[in-house]
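**Student:** Before anything else, here's the structure in question.
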Amino acid sequence: MTADPGATSFAALHHRPGDPLLLPNAWDHASAAALAARGFPAIGTTSLAVAAGAGLPDGRGATREPTLRLARILGPGPYLLSVDGEGGFSDDPEEVATFAAELWAAGVVGINLEDGLGAARPHAAKIAAVKAAAPDLFVNARTDTYWSGDGDERDTLRRLELYRKAGADGVFVPGLTDPRRIETLVRSVGAPLNILYSPAGPPLRRLADLGIARVSLGSLLYRRALGAALDAVSDIAAGRTPGGTTPSYEEVCGRTANRTT
């Protein structure tokens with residue numbers, strides 16, 4: 001498999017000291033095109049939106065095909081695409097590697113793989129299998145020690161070191177917001193550190209100062225979009241004019257019509 005310039009560029013976006021990659025997460029072609037039009041060079045997907053759109057549970061390994069379908073829609077777009085692959089949709093490393101290879105063939109340059117607080121070594125085996133099948137695919141290894149665990153610092157570092165040795169290009173610790181702990185991980189982990197943005201956590205500039213390489217928005221934009229829709233319909237029902245930004249029909253239709261195929 002030959003190296004892909006897009007994959008190289010995506011990796012480079014994680015190595016800009018003091019200038020972390022802000023990765024917004026899209027849920028369909030229209031949202032990805034709108035974000036690209038705002039100048040974002042890279043876009044992620046969010047498993048919550050994929051699952052919600054298909055009427056399936058999030059984080060349960062139920063959305064392999066919808067995830068792949070969205071990747072094939074977005075993969076040819078004028079941006080670098082990273083896909084939220086949950087835990088790889090299988091416990092078998094070779095099946096996870098097959099899924100990753102399908103993403104690569106669709107034009108995807110990055111994948112998130114989460115451990116769900118399961119055993120670390122089987123997750124490391126998945127990472128190794130993915131890197132063997134798609135060497136240039138940027139693997140962002142996620143641990144859920146803060147997201148759904150108790151935030152054990154030693155366990156977090158142990159897991160991240162294991163994933164890094166298995167070939168992960170970057171590591172992701174959603175739920176971590178304490179600046180001191182973030183700074184400790186940045187110094188200790190030896191790989192680009194990805195943090196999930198939290199409105200209650202440090203702002204982007206502070207995260208940059210702490211040495212974070214990537215800041216993801218996860219499902220935040222999708223949930224905000226749903227919230228804006230509910231606010232708008234409530235305003236209309238109450239006789240008020242809805243506020244906020246409303247892209248024109250022509251803007252949305254034009255971006256869809258001009259998509260790269």
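Going by the structure tokens order, chains are called A, B, ..., each with residues numbered from 1, while ligands are numbered from 1 in the order shown.
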Step one, run DSSP on the backbone; step two, keep only residues of segment 19-223 of chain A assigned to helix (DSSP H, G or I); then write them as a ChimeraX atom specification.

**Tutor:** /A:29-37,47-54,64-74,93-105,120-133,153-165,179-189,204-209,220-223

**Student:** Segment 139-169 of chain A: which residues are strand (DSSP E) by DSSP, as a list in words?

**Tutor:** Val139, Asn140, Ala141 and Arg142 of chain A

**Student:** Would you mind listing what lies within 10 Å of Gly175 of chain A as number ranges by chain, with only C-alpha atoms counted and same-chain residues fewer than 5 positions away left out?

**Tutor:** A: 143-149, 151, 195-198, 201

**Student:** Output N, CA and C atoms for every residue in the selection just made, as a tab-separated table (two decimals), in the first residue's frame.

**Tutor:**
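The file below, again32.tsv, is the result:
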```
chain	number	residue	atom	x	y	z
A	143	THR	N	-8.83	5.83	25.28
A	143	THR	CA	-9.12	5.10	26.50
A	143	THR	C	-10.22	5.82	27.26
A	144	ASP	N	-11.10	5.06	27.88
A	144	ASP	CA	-12.27	5.62	28.56
A	144	ASP	C	-12.10	5.67	30.07
A	145	THR	N	-10.87	5.76	30.52
A	145	THR	CA	-10.62	5.79	31.97
A	145	THR	C	-11.24	7.02	32.64
A	146	TYR	N	-11.36	8.11	31.92
A	146	TYR	CA	-12.01	9.30	32.46
A	146	TYR	C	-13.45	9.41	32.00
A	147	TRP	N	-13.75	8.91	30.82
A	147	TRP	CA	-15.10	9.03	30.27
A	147	TRP	C	-16.11	8.21	31.06
A	148	SER	N	-15.75	6.96	31.35
A	148	SER	CA	-16.67	6.09	32.09
A	148	SER	C	-16.01	5.41	33.29
A	149	GLY	N	-14.76	5.72	33.54
A	149	GLY	CA	-14.05	5.15	34.68
A	149	GLY	C	-13.83	6.18	35.77
A	151	GLY	N	-10.90	7.71	36.42
A	151	GLY	CA	-9.79	8.62	36.14
A	151	GLY	C	-8.49	8.22	36.79
A	195	ILE	N	-7.88	15.72	23.28
A	195	ILE	CA	-8.82	15.97	24.37
A	195	ILE	C	-10.18	16.30	23.75
A	196	LEU	N	-11.24	15.86	24.40
A	196	LEU	CA	-12.60	16.22	23.98
A	196	LEU	C	-12.95	17.56	24.61
A	197	TYR	N	-13.29	18.54	23.78
A	197	TYR	CA	-13.66	19.84	24.29
A	197	TYR	C	-14.89	19.74	25.19
A	198	SER	N	-14.83	20.45	26.32
A	198	SER	CA	-15.97	20.53	27.22
A	198	SER	C	-16.24	21.99	27.52
A	201	GLY	N	-14.78	22.88	30.65
A	201	GLY	CA	-13.35	22.66	30.81
A	201	GLY	C	-12.53	23.83	30.30
```

**Student:** Counting only C-alpha atoms, which residues of segment 55-153 of chain A sit at most 8 Å from some atom of segment 161-164 of chain A, and what is each one's closest atom pair with its distance in Å to one decimal, listed by chain and rising residue number, as a tab-separated table?

**Tutor:**
```
residue	atom	partner	partner_atom	distance
A:Ala120	CA	A:Leu162	CA	7.5
A:Arg121	CA	A:Leu162	CA	7.5
A:His123	CA	A:Tyr163	CA	7.6
A:Ala124	CA	A:Tyr163	CA	5.1
A:Ile127	CA	A:Tyr163	CA	7.0
A:Ala141	CA	A:Tyr163	CA	6.5
```

**Student:** Just to confirm, what's the straight-line distance from atom CA of Ala54 of chain A to atom CA of Ala133 of chain A in Å (one decimal)?

**Tutor:**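 According to the coordinates, atom CA of Ala54 of chain A and atom CA of Ala133 of chain A are separated by 28.2 Å.
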
**Student:** Counting only C-alpha atoms, which of A:Glu95, A:Asp28, A:Asp4, A:Asp155 gets nearest to Ala71 of chain A?

**Tutor:**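 Closest candidate: A:Asp28.
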
**Student:** Which residues are close to segment 213-221 of chain A, i.e. within 10 Å by only C-alpha atoms, leaving aside same-chain residues fewer than 6 positions away? Reply as JSON, numbers by chain.

**Tutor:** {"A": [13, 14, 15, 16, 17, 18, 19, 20, 21, 22, 23, 24, 25, 26, 27, 31, 43, 44, 45, 46, 47, 48, 49, 50, 84, 170, 171, 172, 174, 186, 191, 192, 193, 194, 195, 196, 197, 198, 199, 204, 207, 227]}

**Student:** Any idea what's packed within 7 Å of Asn112 of chain A, counting only C-alpha atoms, ignoring anything in its chain fewer than 5 positions away? Could you give it as number ranges by chain?

**Tutor:** A: 83-86, 139-142

**Student:** Between A:Val252, A:Leu160, A:Leu226, A:Ala237, single out the one closest to His29 of chain A, counting only C-alpha atoms.

**Tutor:**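 So, comparing all the options, the nearest one is A:Val252.
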
**Student:** Which residue, A:Ile212, A:Ala166, A:Ala100, A:Ile73, has the smallest gap to Glu183 of chain A when you use only C-alpha atoms?

**Tutor:**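 The closest residue to Glu183 of chain A is A:Ile212.
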